[in-house]
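**Student:** The following file, final29.txt, comprises compact mmCIF, C-alpha atoms:
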```
# COMPACT_ATOMS: atom_id res chain seq x y z
CA MET A 1 202.08 -3.30 203.29
CA ARG A 2 199.34 -5.35 204.96
CA GLN A 3 200.31 -3.81 208.26
CA LYS A 4 199.98 -0.35 206.83
CA LYS A 5 196.48 -1.10 205.54
CA LEU A 6 195.52 -2.44 208.93
CA TYR A 7 196.82 0.71 210.57
CA VAL A 8 194.77 2.95 208.28
CA LEU A 9 191.72 0.84 209.04
CA LEU A 10 192.33 1.01 212.78
CA ALA A 11 192.92 4.73 212.68
CA ALA A 12 189.67 5.22 210.77
CA LEU A 13 187.83 3.11 213.31
CA VAL A 14 189.28 4.94 216.28
CA ALA A 15 188.81 8.38 214.86
CA GLY A 16 185.44 7.69 213.27
CA VAL A 17 185.69 9.88 210.19
CA GLY A 18 188.73 11.47 208.69
CA GLY A 19 191.06 8.55 209.41
CA LEU A 20 194.69 9.53 209.56
CA ASN A 21 193.96 13.25 209.42
CA ALA A 22 192.01 13.00 212.64
CA THR A 23 194.80 11.19 214.49
CA ALA A 24 197.26 13.81 213.29
CA ALA A 25 194.92 16.52 214.57
CA LEU A 26 194.75 14.74 217.91
CA ALA A 27 198.52 14.79 218.16
CA ASP A 28 198.57 18.48 217.23
CA GLU A 29 196.01 19.18 219.90
CA SER A 30 198.23 17.50 222.49
CA ALA A 31 201.20 19.52 221.29
CA ASP A 32 199.10 22.67 221.63
CA ALA A 33 198.07 21.65 225.14
CA ILE A 34 201.71 21.14 226.05
CA ALA A 35 202.55 24.56 224.61
CA ARG A 36 199.75 26.10 226.71
CA TYR A 37 201.02 24.28 229.79
CA ARG A 38 204.54 25.61 229.15
CA GLU A 39 203.16 29.13 228.85
CA MET A 40 201.35 28.75 232.15
CA ILE A 41 204.38 27.59 234.06
CA ALA A 42 206.91 29.81 232.28
CA ASP A 43 206.44 32.52 234.85
CA GLY A 44 207.36 30.35 237.79
CA ASN A 45 210.50 28.57 236.68
CA PRO A 46 211.85 26.97 239.88
CA SER A 47 215.35 27.28 238.41
CA GLU A 48 215.21 30.72 240.00
CA LEU A 49 215.38 29.11 243.42
CA VAL A 50 218.38 27.00 242.42
CA ALA A 51 220.06 29.99 240.78
CA ALA A 52 219.63 32.06 243.96
CA GLN A 53 221.49 29.37 245.88
CA GLY A 54 224.16 29.29 243.19
CA GLU A 55 224.71 33.03 243.39
CA GLN A 56 225.28 32.74 247.13
CA LEU A 57 227.62 29.82 246.58
CA TRP A 58 229.64 31.75 243.98
CA LYS A 59 230.48 34.34 246.64
CA THR A 60 230.93 31.92 249.53
CA LYS A 61 234.40 31.01 250.76
CA ARG A 62 234.61 27.23 250.63
CA GLY A 63 236.96 24.28 250.37
CA PRO A 64 240.39 23.56 251.85
CA LYS A 65 241.70 26.88 250.50
CA ASN A 66 238.72 28.80 251.91
CA ALA A 67 238.18 30.88 248.78
CA SER A 68 235.19 32.03 246.77
CA LEU A 69 234.77 31.53 243.03
CA GLU A 70 234.71 35.24 242.31
CA LYS A 71 238.10 35.01 240.56
CA CYS A 72 237.00 32.10 238.37
CA ASP A 73 237.63 32.75 234.67
CA LEU A 74 234.80 31.35 232.55
CA GLY A 75 236.40 32.66 229.38
CA LEU A 76 235.53 36.36 229.53
CA GLY A 77 238.01 37.20 232.29
CA PRO A 78 238.21 36.46 236.02
CA GLY A 79 234.86 36.84 237.73
CA VAL A 80 232.88 37.72 234.57
CA VAL A 81 229.65 35.71 234.61
CA LYS A 82 227.37 37.79 232.39
CA GLY A 83 227.10 36.14 228.99
CA ALA A 84 229.88 33.67 229.76
CA SER A 85 227.94 30.47 229.21
CA ALA A 86 226.65 31.64 225.80
CA GLN A 87 230.26 31.36 224.61
CA LEU A 88 231.04 27.97 226.12
CA PRO A 89 232.52 25.45 225.45
CA ARG A 90 235.79 27.13 224.58
CA TYR A 91 239.52 26.45 224.46
CA PHE A 92 241.26 27.56 227.65
CA LYS A 93 244.96 28.37 227.49
CA ASP A 94 245.66 27.73 231.18
CA THR A 95 244.41 24.14 231.09
CA GLY A 96 245.34 23.58 227.44
CA ARG A 97 242.02 21.95 226.63
CA VAL A 98 238.48 22.58 225.51
CA GLN A 99 236.11 22.85 228.48
CA ASP A 100 232.39 23.18 228.93
CA LEU A 101 230.85 25.09 231.82
CA GLU A 102 230.92 22.23 234.26
CA THR A 103 234.48 21.06 233.59
CA ARG A 104 235.59 24.69 233.78
CA LEU A 105 233.89 25.03 237.16
CA MET A 106 235.66 21.86 238.26
CA THR A 107 238.97 23.51 237.33
CA CYS A 108 238.04 26.68 239.22
CA MET A 109 236.94 24.77 242.30
CA GLN A 110 240.16 22.77 242.24
CA THR A 111 242.58 25.64 241.68
CA LEU A 112 240.84 28.34 243.73
CA GLN A 113 239.11 26.36 246.46
CA GLY A 114 241.06 23.09 246.52
CA ILE A 115 237.96 20.95 245.99
CA ASP A 116 238.85 17.57 244.49
CA PRO A 117 237.21 17.02 241.05
CA LYS A 118 236.68 13.41 242.13
CA ALA A 119 233.72 14.69 244.16
CA PHE A 120 231.98 15.30 240.84
CA VAL A 121 233.37 12.53 238.67
CA ASP A 122 232.39 9.92 241.26
CA GLY A 123 229.42 11.94 242.52
CA LYS A 124 225.71 11.32 242.18
CA TRP A 125 223.27 13.72 240.52
CA ASN A 126 221.49 16.09 242.91
CA LYS A 127 223.56 14.87 245.86
CA GLY A 128 226.40 16.33 247.92
CA GLU A 129 228.97 18.38 246.03
CA MET A 130 227.08 17.76 242.77
CA GLU A 131 224.14 19.71 244.16
CA ASN A 132 226.48 22.68 244.55
CA MET A 133 227.61 22.27 240.95
CA GLU A 134 223.98 22.33 239.80
CA ALA A 135 223.26 25.49 241.79
CA LEU A 136 226.32 27.23 240.34
CA VAL A 137 225.37 26.18 236.82
CA ALA A 138 221.82 27.49 237.34
CA PHE A 139 223.21 30.84 238.45
CA ILE A 140 225.71 31.16 235.61
CA VAL A 141 223.37 30.14 232.78
CA THR A 142 220.69 32.53 234.07
CA GLU A 143 223.22 35.33 233.54
CA SER A 144 223.43 34.41 229.84
CA ASN A 145 219.70 34.44 229.21
CA GLY A 146 218.96 36.46 226.09
CA HIS A 147 222.51 36.37 224.80
CA LYS A 148 223.42 34.97 221.40
CA ILE A 149 224.95 31.52 221.14
CA SER A 150 228.42 32.16 219.82
CA ILE A 151 231.40 29.91 220.41
CA ASP A 152 234.91 30.66 219.28
CA MET A 153 235.95 27.95 216.82
CA SER A 154 239.31 29.51 215.88
CA ASN A 155 241.45 27.14 217.94
CA PRO A 156 242.31 23.87 216.14
CA GLN A 157 241.41 21.95 219.32
CA MET A 158 237.86 23.26 218.99
CA LYS A 159 237.67 21.98 215.42
CA LYS A 160 238.92 18.61 216.63
CA MET A 161 236.27 18.54 219.33
CA TYR A 162 233.62 19.51 216.79
CA GLU A 163 234.57 16.60 214.56
CA LEU A 164 234.61 14.21 217.52
CA GLY A 165 231.22 15.49 218.64
CA LYS A 166 229.75 15.06 215.19
CA MET A 167 231.10 11.54 215.03
CA ALA A 168 229.63 10.74 218.46
CA PHE A 169 226.32 12.24 217.38
CA TYR A 170 226.02 9.78 214.50
CA HIS A 171 227.66 6.83 216.25
CA ARG A 172 225.23 4.01 216.89
CA SER A 173 225.74 1.79 219.91
CA GLY A 174 224.01 -0.24 222.57
CA PRO A 175 221.60 -3.18 222.32
CA MET A 176 219.11 -1.11 220.32
CA ASP A 177 221.68 0.31 217.94
CA PHE A 178 220.67 3.88 218.74
CA ALA A 179 222.54 7.06 217.92
CA CYS A 180 221.62 10.64 218.83
CA THR A 181 220.30 10.91 215.27
CA THR A 182 217.81 8.10 215.85
CA CYS A 183 215.64 10.59 217.73
CA HIS A 184 217.20 13.92 216.79
CA GLY A 185 217.99 13.45 213.10
CA ALA A 186 214.69 14.18 211.35
CA GLU A 187 212.07 16.91 211.25
CA GLY A 188 208.79 16.47 213.11
CA LYS A 189 209.67 13.53 215.34
CA ARG A 190 207.98 13.08 218.64
CA ILE A 191 208.45 11.12 221.83
CA ARG A 192 205.73 10.89 224.52
CA LEU A 193 203.93 13.54 222.42
CA GLN A 194 206.87 15.89 222.93
CA ASP A 195 208.37 17.39 219.80
CA LEU A 196 211.99 16.42 219.33
CA PRO A 197 214.24 19.04 217.78
CA ASP A 198 216.26 18.04 214.73
CA LEU A 199 219.67 18.77 216.19
CA ARG A 200 221.41 18.66 212.82
CA THR A 201 219.83 21.96 211.83
CA GLN A 202 220.58 25.42 213.22
CA ALA A 203 217.00 25.97 214.38
CA GLY A 204 216.77 22.55 216.01
CA ALA A 205 220.13 22.83 217.73
CA ALA A 206 219.26 26.32 218.98
CA ALA A 207 215.98 25.00 220.41
CA GLY A 208 217.81 22.16 222.14
CA TRP A 209 221.14 23.64 223.18
CA GLY A 210 219.57 27.03 223.91
CA THR A 211 217.12 25.69 226.50
CA TRP A 212 219.43 23.40 228.49
CA PRO A 213 220.36 23.32 231.41
CA ALA A 214 216.80 23.22 232.66
CA TYR A 215 214.47 22.49 235.53
CA ARG A 216 212.46 19.33 234.98
CA VAL A 217 209.02 19.58 236.49
CA SER A 218 208.42 15.82 236.37
CA SER A 219 211.37 15.04 238.61
CA GLY A 220 211.54 18.39 240.40
CA GLU A 221 215.25 18.56 239.69
CA PHE A 222 217.59 20.99 238.01
CA TRP A 223 219.53 19.25 235.27
CA THR A 224 222.88 20.43 233.96
CA MET A 225 224.02 19.78 230.37
CA GLN A 226 226.26 16.95 231.59
CA HIS A 227 223.25 15.36 233.23
CA ARG A 228 221.16 15.81 230.07
CA LEU A 229 223.80 14.19 227.85
CA ASN A 230 224.43 11.41 230.33
CA ASP A 231 220.74 10.59 230.33
CA CYS A 232 220.65 10.53 226.52
CA TYR A 233 223.24 7.76 226.68
CA ARG A 234 221.26 6.00 229.38
CA GLN A 235 218.17 6.12 227.18
CA GLN A 236 220.29 4.76 224.37
CA ARG A 237 220.81 1.78 226.74
CA THR A 238 224.52 2.14 226.25
CA ALA A 239 227.49 2.90 228.51
CA GLU A 240 227.01 6.21 230.32
CA PRO A 241 229.92 8.62 229.85
CA ILE A 242 232.16 9.67 232.73
CA TYR A 243 231.23 13.10 234.13
CA GLY A 244 233.07 15.79 232.21
CA SER A 245 234.68 13.35 229.78
CA ASP A 246 235.82 14.50 226.35
CA VAL A 247 232.91 12.98 224.45
CA THR A 248 230.39 15.02 226.46
CA ILE A 249 232.35 18.23 225.81
CA ALA A 250 232.68 17.30 222.13
CA LEU A 251 228.92 16.81 221.81
CA SER A 252 228.39 20.18 223.46
CA VAL A 253 230.81 21.80 221.00
CA TYR A 254 228.98 20.18 218.09
CA LEU A 255 225.58 21.35 219.38
CA ALA A 256 226.71 24.87 220.27
CA ALA A 257 228.50 25.31 216.92
CA THR A 258 225.42 24.11 215.04
CA ALA A 259 223.19 26.40 217.11
CA LYS A 260 225.39 29.46 216.40
CA GLY A 261 223.34 32.66 216.27
CA GLY A 262 220.44 31.22 218.26
CA THR A 263 219.25 32.80 221.48
CA VAL A 264 220.14 31.45 224.89
CA LEU A 265 216.93 30.81 226.86
CA THR A 266 218.53 29.16 229.85
CA PRO A 267 217.59 28.04 232.38
CA GLY A 268 214.90 26.13 230.55
CA LEU A 269 211.75 24.64 231.98
CA LYS A 270 210.92 21.11 230.88
CA ARG A 271 208.03 18.86 231.58
CA MET B 1 217.05 22.06 258.35
CA ALA B 2 217.35 25.58 257.09
CA THR B 3 214.70 26.75 254.68
CA ASN B 4 215.38 28.67 251.51
CA PRO B 5 213.79 32.03 250.75
CA MET B 6 210.74 32.36 248.53
CA LYS B 7 210.84 34.51 245.45
CA ILE B 8 207.91 36.90 245.60
CA ARG B 9 206.85 39.41 242.99
CA ALA B 10 203.83 41.68 243.27
CA ALA B 11 202.57 44.17 240.71
CA ASN B 12 199.66 46.60 240.83
CA ASN B 13 197.87 47.65 237.63
CA GLY B 14 195.66 50.32 239.19
CA SER B 15 192.84 48.37 240.80
CA VAL B 16 194.16 44.82 241.07
CA THR B 17 197.40 43.50 242.53
CA GLU B 18 198.86 40.29 241.17
CA VAL B 19 201.14 38.33 243.46
CA LYS B 20 203.44 35.58 242.22
CA ALA B 21 205.38 33.47 244.67
CA LEU B 22 207.87 30.72 243.98
CA ILE B 23 208.24 28.60 247.09
CA SER B 24 211.24 26.45 247.85
CA HIS B 25 210.01 23.23 249.46
CA ASP B 26 210.54 19.49 248.92
CA MET B 27 206.82 18.64 249.25
CA GLU B 28 207.46 14.95 249.91
CA THR B 29 204.23 12.97 249.77
CA GLY B 30 205.36 10.17 252.07
CA GLN B 31 204.56 7.67 249.33
CA ARG B 32 207.95 7.58 247.67
CA LYS B 33 210.79 5.24 248.50
CA ASP B 34 214.49 5.96 248.36
CA ALA B 35 217.13 3.88 246.57
CA ALA B 36 217.35 1.53 249.57
CA GLY B 37 213.60 0.91 249.57
CA ALA B 38 212.87 2.89 252.72
CA VAL B 39 209.88 5.22 252.69
CA ILE B 40 210.80 8.88 252.45
CA PRO B 41 208.84 10.55 255.27
CA ALA B 42 206.11 12.96 254.31
CA TRP B 43 207.20 16.57 254.42
CA PHE B 44 204.92 19.17 252.95
CA ILE B 45 203.42 22.59 253.48
CA THR B 46 200.10 22.45 255.33
CA GLU B 47 199.13 26.09 255.60
CA LEU B 48 199.93 29.19 253.64
CA THR B 49 198.85 32.76 254.19
CA ALA B 50 199.41 35.94 252.25
CA LYS B 51 198.97 39.38 253.74
CA HIS B 52 198.69 42.80 252.21
CA ASN B 53 200.24 45.05 254.86
CA ASP B 54 198.55 43.41 257.88
CA LYS B 55 195.35 42.31 256.16
CA LEU B 56 194.92 38.67 255.21
CA VAL B 57 194.25 38.37 251.47
CA LEU B 58 194.79 34.66 250.95
CA GLY B 59 194.64 31.68 253.25
CA ALA B 60 195.23 28.21 251.86
CA GLU B 61 195.54 24.64 253.04
CA PHE B 62 198.19 22.77 251.13
CA GLY B 63 198.53 19.03 250.77
CA THR B 64 200.62 16.36 249.13
CA SER B 65 199.10 16.85 245.69
CA ILE B 66 201.00 20.09 245.29
CA SER B 67 204.28 19.84 243.44
CA LYS B 68 207.79 20.30 244.72
CA ASN B 69 208.92 23.95 244.62
CA PRO B 70 205.37 25.20 244.07
CA PHE B 71 204.49 28.33 242.15
CA LEU B 72 201.54 30.32 243.47
CA ALA B 73 199.89 33.20 241.64
CA PHE B 74 196.79 35.10 242.73
CA LYS B 75 195.13 38.49 242.40
CA PHE B 76 193.34 40.66 244.90
CA LYS B 77 191.51 43.96 244.65
CA GLY B 78 193.31 46.97 245.99
CA GLY B 79 196.92 47.38 246.99
CA ALA B 80 199.19 50.22 245.96
CA LYS B 81 202.77 50.58 244.85
CA GLY B 82 205.12 50.42 247.81
CA ASP B 83 202.75 48.35 249.97
CA LYS B 84 204.08 45.28 251.70
CA ILE B 85 203.14 41.71 250.77
CA THR B 86 203.97 38.99 253.26
CA VAL B 87 203.74 35.29 252.47
CA SER B 88 204.11 32.68 255.21
CA TRP B 89 203.91 28.92 255.22
CA LYS B 90 203.93 26.21 257.81
CA ASP B 91 204.76 22.57 257.09
CA ASN B 92 203.86 19.27 258.75
CA LYS B 93 207.16 19.25 260.65
CA GLY B 94 206.19 22.54 262.24
CA GLU B 95 208.73 24.57 260.32
CA THR B 96 207.69 27.99 259.14
CA ARG B 97 209.00 30.59 256.81
CA THR B 98 207.94 34.15 256.07
CA ASP B 99 209.14 36.33 253.24
CA GLU B 100 208.23 39.81 252.14
CA ALA B 101 208.01 41.78 248.94
CA VAL B 102 207.03 45.29 247.98
CA ILE B 103 204.33 45.92 245.39
CA ALA B 104 205.81 47.32 242.20
```
Could I get this structure in the form of structure tokens?
**Tutor:**
Amino acid sequence: MRQKKLYVLLAALVAGVGGLNATAALADESADAIARYREMIADGNPSELVAAQGEQLWKTKRGPKNASLEKCDLGLGPGVVKGASAQLPRYFKDTGRVQDLETRLMTCMQTLQGIDPKAFVDGKWNKGEMENMEALVAFIVTESNGHKISIDMSNPQMKKMYELGKMAFYHRSGPMDFACTTCHGAEGKRIRLQDLPDLRTQAGAAAGWGTWPAYRVSSGEFWTMQHRLNDCYRQQRTAEPIYGSDVTIALSVYLAATAKGGTVLTPGLKR
Amino acid sequence: MATNPMKIRAANNGSVTEVKALISHDMETGQRKDAAGAVIPAWFITELTAKHNDKLVLGAEFGTSISKNPFLAFKFKGGAKGDKITVSWKDNKGETRTDEAVIA
């Protein structure tokens, strides 16, 4: 209680008049400035450059089998890219498991091109074969821009993944006892003056899931969803998941199912 | 090292043409270090020119304060649909790249 009083006093001192209202206004102003900044850079999303490379790569014959990915089935039939990522993750009959975009691409690269998935699982972000994955992802998600988020939950495996994802979302771990909900489980939370979406709600999940993968201006890198989720765990100061592991797919299923009906705005552009 | 193409869009609204170019370049400042602690050598665009047909409409000197994969937008008077816009850059390693677009 004493601390709270002190805070009010400090806020009043800093802001002169108006106390807490003035600090809140300051925060709003920053949020507005960020929104203006986003508007300014929205036209020049460098994801376009990455996507252009990905499109080339999709058609290029590569790997030990010297094949392109043009026969890759992302869920809408072999070679269909348009709108495919808006309906991922999904259950695939041929592999008998639920896959997100990146694990599906790993399957395609392995079966069609003969590229060992180890290149990704043991790979480093933005390096070597992983860079190719990022380019392909950029291309594919660009082709779903404007589509509605709609994943097929009819298969029991999808329901299982949803439950696992939900559990992982609320599961606290690491030295700080953080869960996804610590930052993404309430309305109006902010980190570094950036608004954090409440991922438990449809609107929040749509804002989050619908704008990733994205280009991050601060690092000048294109980040896939796997990279985003991996970094959430890193920020949780807990064990980082293996690339393409079930928990990452489960979290994606949970997010995509919650975001159902939202609009895909990928590739996003983040600060 | 091969360079990647720029994405150039140009639109005319009657009297003014707006050009938007997304440039693929690392723009290393020379002040960063890699994971092993070694300095990453500077590598950035030094000069950029934009031409409308053969007439120079923009000349710029770039430096290390410009971001990776820069986005450049500018307007000039004149231009007509179907005209050619050419953007070229040169970097400190002497590499160059030129790409073209048609005014829409």
**Student:** Per residue of chain A within 10 Å of chain B, which atom pair is closest and at what distance in Å (one decimal), using all atoms listed in the file, listed by chain and increasing number, as JSON lines?
**Tutor:**
```
{"residue": "A:Ile41", "atom": "CA", "partner": "B:Phe71", "partner_atom": "CA", "distance": 8.1}
{"residue": "A:Asp43", "atom": "CA", "partner": "B:Lys20", "partner_atom": "CA", "distance": 8.5}
{"residue": "A:Gly44", "atom": "CA", "partner": "B:Phe71", "partner_atom": "CA", "distance": 5.6}
{"residue": "A:Asn45", "atom": "CA", "partner": "B:Leu22", "partner_atom": "CA", "distance": 8.1}
{"residue": "A:Pro46", "atom": "CA", "partner": "B:Asn69", "partner_atom": "CA", "distance": 6.3}
{"residue": "A:Ser47", "atom": "CA", "partner": "B:Asn69", "partner_atom": "CA", "distance": 9.5}
{"residue": "A:Glu48", "atom": "CA", "partner": "B:Lys7", "partner_atom": "CA", "distance": 7.9}
{"residue": "A:Leu49", "atom": "CA", "partner": "B:Ser24", "partner_atom": "CA", "distance": 6.6}
{"residue": "A:Val50", "atom": "CA", "partner": "B:Ser24", "partner_atom": "CA", "distance": 9.0}
{"residue": "A:Ala52", "atom": "CA", "partner": "B:Pro5", "partner_atom": "CA", "distance": 9.0}
{"residue": "A:Gln53", "atom": "CA", "partner": "B:Asn4", "partner_atom": "CA", "distance": 8.3}
{"residue": "A:Val217", "atom": "CA", "partner": "B:Lys68", "partner_atom": "CA", "distance": 8.4}
{"residue": "A:Ser218", "atom": "CA", "partner": "B:Ser67", "partner_atom": "CA", "distance": 9.1}
{"residue": "A:Ser219", "atom": "CA", "partner": "B:Lys68", "partner_atom": "CA", "distance": 8.8}
{"residue": "A:Gly220", "atom": "CA", "partner": "B:Lys68", "partner_atom": "CA", "distance": 6.0}
{"residue": "A:Glu221", "atom": "CA", "partner": "B:Lys68", "partner_atom": "CA", "distance": 9.2}
```
**Student:** Near range 78-95 of chain B, within 8 Å and counting only C-alpha atoms, which residues show up once chain neighbours fewer than 4 positions away are dropped, as a ChimeraX atom specification?
**Tutor:** /B:10-12,14-17,43-53,99-104
**Student:** Between A:Gln235, A:Thr224, A:Ser154, A:Thr182, which residue has the minimum interatomic distance to Leu101 in chain A, considering only C-alpha atoms?
**Tutor:**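 So, comparing all the options, the nearest one is A:Thr224.
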**Student:** Out of B:Ala35, B:Gly63, B:Val57, B:Ile8, which residue has the shortest atom-to-atom distance to Lys77 in chain B when counting all atoms listed in the file?
**Tutor:**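 Nearest to Lys77 in chain B: B:Val57.
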**Student:** How far is it from CA of Met27 in chain B to CA of Ile34 in chain A, in Å with one decimal?
**Tutor:**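 Between CA of Met27 in chain B and CA of Ile34 in chain A the gap is 23.9 Å.
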**Student:** Could you list, as a PyMOL selection string, every residue within 8 Å of range 103-114 of chain A, counting all atoms listed in the file and ignoring same-chain residues fewer than 6 positions away?
**Tutor:** chain A and resi 61-69+71-74+120+133+244
**Student:** Hey, can you check how far CA of Ala206 in chain A sits from CA of Gly261 in chain A?
**Tutor:**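 Between CA of Ala206 in chain A and CA of Gly261 in chain A the gap is 8.0 Å.
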**Student:** As an exercise, work out the distance from CA of Phe139 in chain A to CA of Gln56 in chain A in Å and give it to one decimal place.
**Tutor:**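 Rounded to one decimal, the two atoms are 9.1 Å apart.
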**Student:** Quick one: of A:Asp198, A:Glu134, A:Glu187, A:Glu70, who's nearest to Pro213 in chain A, counting only C-alpha atoms?
**Tutor:** A:Glu134
**Student:** Can you tell me, as JSON, the centre and edge lengths (Å, one decimal) of the axis-aligned box enclosing all of range 58-73 of chain A's listed atoms after padding each side by 8 Å?
**Tutor:**
```
{"center_x": 235.7, "center_y": 29.4, "center_z": 243.3, "size_x": 28.1, "size_y": 27.7, "size_z": 33.2}
```
**Student:** Can you list, as number ranges by chain, every protein, DNA or RNA residue that comes within 8 Å of Glu55 in chain A when you count only C-alpha atoms, leaving out same-chain residues fewer than 3 positions away?
**Tutor:** A: 51-52, 58-59, 135-136, 139
**Student:** Complete range 71-86 of chain B at the level of N, CA and C atoms, written as a PDB file, in the frame of the given file.
**Tutor:**
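Ended up saving to part_12.pdb:
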```pdb
ATOM      1  N   PHE B  71     204.652  26.965 242.648  1.00  0.00           N
ATOM      2  CA  PHE B  71     204.490  28.330 242.150  1.00  0.00           C
ATOM      3  C   PHE B  71     203.056  28.744 242.415  1.00  0.00           C
ATOM      4  N   LEU B  72     202.874  29.850 243.102  1.00  0.00           N
ATOM      5  CA  LEU B  72     201.540  30.320 243.470  1.00  0.00           C
ATOM      6  C   LEU B  72     201.317  31.710 242.892  1.00  0.00           C
ATOM      7  N   ALA B  73     200.224  31.879 242.174  1.00  0.00           N
ATOM      8  CA  ALA B  73     199.890  33.200 241.640  1.00  0.00           C
ATOM      9  C   ALA B  73     198.449  33.505 241.973  1.00  0.00           C
ATOM     10  N   PHE B  74     198.171  34.701 242.443  1.00  0.00           N
ATOM     11  CA  PHE B  74     196.790  35.100 242.730  1.00  0.00           C
ATOM     12  C   PHE B  74     196.657  36.621 242.624  1.00  0.00           C
ATOM     13  N   LYS B  75     195.404  37.051 242.533  1.00  0.00           N
ATOM     14  CA  LYS B  75     195.130  38.490 242.400  1.00  0.00           C
ATOM     15  C   LYS B  75     194.202  38.914 243.511  1.00  0.00           C
ATOM     16  N   PHE B  76     194.333  40.118 243.963  1.00  0.00           N
ATOM     17  CA  PHE B  76     193.340  40.660 244.900  1.00  0.00           C
ATOM     18  C   PHE B  76     193.084  42.123 244.557  1.00  0.00           C
ATOM     19  N   LYS B  77     191.901  42.575 244.943  1.00  0.00           N
ATOM     20  CA  LYS B  77     191.510  43.960 244.650  1.00  0.00           C
ATOM     21  C   LYS B  77     192.207  44.886 245.627  1.00  0.00           C
ATOM     22  N   GLY B  78     192.664  45.991 245.144  1.00  0.00           N
ATOM     23  CA  GLY B  78     193.310  46.970 245.990  1.00  0.00           C
ATOM     24  C   GLY B  78     194.822  46.832 245.966  1.00  0.00           C
ATOM     25  N   GLY B  79     195.465  47.386 246.960  1.00  0.00           N
ATOM     26  CA  GLY B  79     196.920  47.380 246.990  1.00  0.00           C
ATOM     27  C   GLY B  79     197.446  48.590 246.245  1.00  0.00           C
ATOM     28  N   ALA B  80     198.587  49.069 246.633  1.00  0.00           N
ATOM     29  CA  ALA B  80     199.190  50.220 245.960  1.00  0.00           C
ATOM     30  C   ALA B  80     200.698  50.015 245.915  1.00  0.00           C
ATOM     31  N   LYS B  81     201.317  50.670 244.979  1.00  0.00           N
ATOM     32  CA  LYS B  81     202.770  50.580 244.850  1.00  0.00           C
ATOM     33  C   LYS B  81     203.432  50.936 246.177  1.00  0.00           C
ATOM     34  N   GLY B  82     204.408  50.139 246.573  1.00  0.00           N
ATOM     35  CA  GLY B  82     205.120  50.420 247.810  1.00  0.00           C
ATOM     36  C   GLY B  82     204.552  49.691 249.017  1.00  0.00           C
ATOM     37  N   ASP B  83     203.331  49.120 248.863  1.00  0.00           N
ATOM     38  CA  ASP B  83     202.750  48.350 249.970  1.00  0.00           C
ATOM     39  C   ASP B  83     203.520  47.050 250.167  1.00  0.00           C
ATOM     40  N   LYS B  84     203.347  46.489 251.356  1.00  0.00           N
ATOM     41  CA  LYS B  84     204.080  45.280 251.700  1.00  0.00           C
ATOM     42  C   LYS B  84     203.216  44.037 251.505  1.00  0.00           C
ATOM     43  N   ILE B  85     203.799  43.007 250.912  1.00  0.00           N
ATOM     44  CA  ILE B  85     203.140  41.710 250.770  1.00  0.00           C
ATOM     45  C   ILE B  85     203.947  40.707 251.593  1.00  0.00           C
ATOM     46  N   THR B  86     203.280  39.979 252.437  1.00  0.00           N
ATOM     47  CA  THR B  86     203.970  38.990 253.260  1.00  0.00           C
ATOM     48  C   THR B  86     203.365  37.610 252.998  1.00  0.00           C
TER      49      THR B  86
END
```
